[in-house]
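Here is the structure we will look at.
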Amino acid sequence: MLSDKLPKIWYGGDYNPEQWDDPRIWDEDIRMFKLAGIDVATLNVFSWAMIQPDETTYNFEFLDATINRLYENGIHTCLATSTGAHPAWMAKKYPDILRVDYHGRKRKFGGRHNSCPNSPTYRRFAPLLAEKLAERYRDHPAIVAWHVSNEYGGYCYCERCEAAFREWLKKRYGTLENLNKAWNTRFWGHTFYDWDEIVAPNELSEEWNGNRTNFQGISIDYRRFQSDSLLECFKLEYDAIKKHTPHIPVTTNLMGTYPELDYFKWAKHMDVVSWDNYPAIDTPVSFTAMTHDLMRGLKSGQPFMLMEQTPSQQNWQPYNSLKRPGVMRLWSWQAVARGADTVMFFQLRRSVGACEKFHGAVIEHVGHEHTRVFREVAELGRELKMLGDRILDARVEAKVAIVYDWENRWAVSLSSGPSIALDYLKEVHNYYDALYRRNIQVDMIGVDEPLDRYDIVIAPVLYMVKTGYAAKLEAFVARGGTFVTTFFSGIVDERDIVRTGGYPGELRRLLGIWAEEIDALPPDRKNRIVMTKPYGELEGEYECSLLYDLIHPEGAETIAVYGDDFYAGMPVVTVNRFGAGRAWYVASSPDGEFLERFLGTLCAEKKIRPLVKAAPEGVECSRRVKDGRGFLFLLNHNAEAKEVELHEGRYTDLLTGEAAEGRTVVPGRGVRLLEEA
Ligand code: GLA
Ligand code: ZN
C-alpha cells in the first residue's frame, strides 16, 4: 500500500495556492476540495524561486501554512521538491545551469525542465533543497509521498555534458579501441584517437531533424547517457530525502511512452511509478490502456499512481477538446482498472495568468462549484470514498506479455532505412490492440523481466537483441512457451552492430527461418497474407504492409505466404517447434483482422480465457485481483449502452450494489466494477 495514512484510492492533484495572494481564495479552495472528496494535494511543484530567493535564504513559511491548512481539513500532501524549474537568479549567477539545445544554442533563462543535468550548480542546489524539505517535514503527518522535480526530460548538449559523456563512454567501453569498434568509426573515417575528440551528437555534428543520424551507435549512446544523467539528478534528490523519511514513497511523474528516457531503468530507482495521462480526443483508448499497462510493467506489476490528468481539457494540444460528459470518470476508472491506486488531476484551481490559464481544472475561473466539471469531479470523489480500500493494492494478472524496450525504440527510430514509416510504438500497439479487442489481459514488460510467469511472449520489431536475450527467449520457448516476433527483428546487438550470418541473427535458431532481404514499400502499397491452409481462426487472405522480409524456412513450418510481387509464394508467417514450445515469425505488418484472429488462436491454444464471454466493440475489460478475489472492470467507451456477456458466476457491482450475472448492461460512457463472488 502507498501509505497507511490514506487507505483508499487517493483523490486530488496539483495545487498551486502561491499563485493567489488571497486567504479568501485559499479558504474557498478548502471548502470546494471537501465538496469534491479531495484528500491529497500535490504541493510545491514549481516554487523553487519562492522558497529560495537567493543563495542562502530559504523561506518555508508559506508551504508550512498550506500543508497545515490542508491537513487540518483532512487533506494530505504529496510533496514536490520544486526542482523542475530553477530560479532566474540562479541562472544569472551560475549560467552552467542553462542547457545548450539541439541546435547548439546556449539557452537563456526561461521555461521549465530546463536545467543541465550535468551542471554542478543544479547538482548542488537541487538535492540541497530536497534535503531541506525532507528535514523540515520528516515528521509531518500530512506527507504521504514525495514528488521529485517534474516530468524529467529533454537533452542538453553543453560542454559539461560532452565532458561527462566522455567519462560515461570510458566506463562503458574501457578503451578507445572498443569504442571505435562499437561505433564502427572506420565508416566515413571517423576513428577517434583521443577521448576529447568525441563531441555530442546534435545538429552541429552527426544528427539532424531530431532523429536522423550518421552514427546510430553514437546517437543511441547519447540517449542512454542523457537518460542516465537525469536519472542521477533524480537519485541525488531521492537519497537526500530517504535519509530523513525512509518510509515515505518517493516518485517522479513519468510521461507514459515519452521517448527520451529509459523508464525501465528509471523505475528501478523509484519507490512507486507515477505518470501523467493526457490523451488527445483522437488517441485510441487502447493506446491509453497500453500505456497504463506499460507504467504498471515498469515495476513488475506494482500498482502505480495516476499523478496527473485533466478534469476537462488541455491547453497545449492543437485542439483542446473537452472531455465529454462522463469521460473524465470513465478514463479515471480505466487507470484504476489497469493498476492505478490514485486518481489525480492537473490542476485543482485554474491559473489566471501565463500559458496554463486555459488548462482545465477542478475549480474553474468562475470560482464556484456549479459547473459540469466540478459536479463530475465530486461524483467521482464520492465513488472513490465509498470504495475505500476494497481494491487498493490489487494486482493485474496476465498470461500474455508484450515486450517493449526504450533502447530498441531509439535504435529503430534512428535507423536510416528500410522505411521512414516504421514506427516501433505503432507496431507494438497493433499487437496490443488485437489482444485488447479480444479482452485478453496483457502485461507490458521490459527485457529484464523474467518470462516464466507467461504463456505467450510477443516482441514486435525486436530489432536490437541484447546480449543474453536470445538465450532467455530460447529457454522460455523450450519450456513450452509461445513466442511471437516480427519482421526487422534480431538485426543488431546493443551497439547497433549487425549480427552477421543472416537475419534474424541470434533468433535464427529459435525461429527456424532465415531472412535474405527486406523490402519496404510506401504505406499505400500492400501485399497479401495468403493462408496455405486454415489455422485456428485464420483462413483465406489478409492484408499486410510496411516491411516485407523475404524469408526461407530452416525447420519452421510455413503457415501463410505472400500473395503478390516477385516474392509471391514465399513464406510470410512461420512457426517453429523448439523444445516444448513454438516460435512464430510474422514477416510483414498484418492488418488488424489477421492479428486478432492470429492472437486469438494462440491464446485459445494456451487456454488463456478472455476476461468476459463476449463484449461489443468499444467495451474495455480489465481485472484486478486481491487476496484471491477478482474485480472485473467493464468500461464502455461508446456513447450508447452496451451489453456484455459475463463468464459463469455471480458478481456484485461495487458502484451500485446491484447483483450481476450472465448478460449485463454497461451504460454509455459508463463503468461497472464487478466483484466476483
Ligand atoms: C504536465 C505538467 C504539469 C502541467 C500539465 C499540463 O503534465 O507536469 O505541470 O503543465 O502538463 O497538461
Ligand atoms: Zn549540459
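FYI, nothing fancy with the C-alpha cells labels: chains A, B, ... in order, residues from 1 per chain, ligands from 1 as they appear.
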Might you pull out every residue within 12 Å of Phe346 (chain A), with only C-alpha atoms counted and same-chain residues fewer than 6 positions away left off, and present them as JSON, numbers by chain?
{"A": [11, 12, 13, 14, 15, 16, 41, 42, 43, 45, 253, 275, 276, 277, 278, 306, 307, 308, 309, 310, 311, 312, 313, 314, 315, 356, 357, 358, 359, 360, 361, 362, 363]}
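Every protein or nucleic acid residue with an atom no more than 10 Å from Tyr137 (chain A), counting only C-alpha atoms and leaving out same-chain residues fewer than 4 positions away, appears here: Asp64, Ile67, Leu79, Glu131, Lys132, Leu133, Pro141, Ala142, Ile143, His244 and Thr245 of chain A.
The closest residue to Ser274 (chain A), picked from A:His147, A:Arg224, A:Lys242, A:Arg438 and counting only C-alpha atoms, is A:His147.
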Identify, on the basis of only C-alpha atoms, every residue whose closest approach to Gly256 (chain A) does not exceed 12 Å; exclude the query and any residue fewer than 4 positions from it along the same chain; express the result as a PyMOL selection string.
chain A and resi 151+260-264+273-279+287-298+304-308+406+425+444
Those in region 104-313 of chain A with helix (DSSP H, G or I) from DSSP, as a VMD selection string:
chain A and resid 120 to 137 159 to 173 176 to 182 187 to 189 195 to 197 216 to 242 263 to 267 285 to 297
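Pocket residues of ligand 2, taken as those with any atom at most 8 Å away using only C-alpha atoms and all ligand atoms, are A:Asp96, A:Ile97, A:Leu98, A:Arg99, A:Val100, A:Ser115, A:Cys116, A:Pro117, A:Asn118, A:Ser119, A:Tyr155, A:Cys156, A:Tyr157, A:Cys158, A:Glu159, A:Arg160, A:Cys161, A:Glu162.
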For the atom pair CA of Gly210 (chain A) and CA of Leu414 (chain A), what is the interatomic distance in Å to one decimal place?
9.1 Å
Find the spatial neighbours of Val465 (chain A), counting only C-alpha atoms, within a cut-off of 12 Å - ignore same-chain residues fewer than 5 positions away - and output them as an NGL selection string.
:A and (403-405 or 407-409 or 411-412 or 447 or 459-460 or 470-473 or 485 or 488-499 or 503-508)
Name all residues at most 10 Å from region 547-553 of chain A (count only C-alpha atoms; drop same-chain ones fewer than 2 positions away) and give them as a PyMOL selection string.
chain A and resi 418-419+421-422+486-488+503-504+508+511-523+526-527+544-545+555-558+562+567-568+570-576+585-590
Which residue is closest to ligand 1? Choose from A:Pro616, A:Gly339, A:Pro95, A:Gly84 and count only C-alpha atoms and all ligand atoms.
A:Gly84
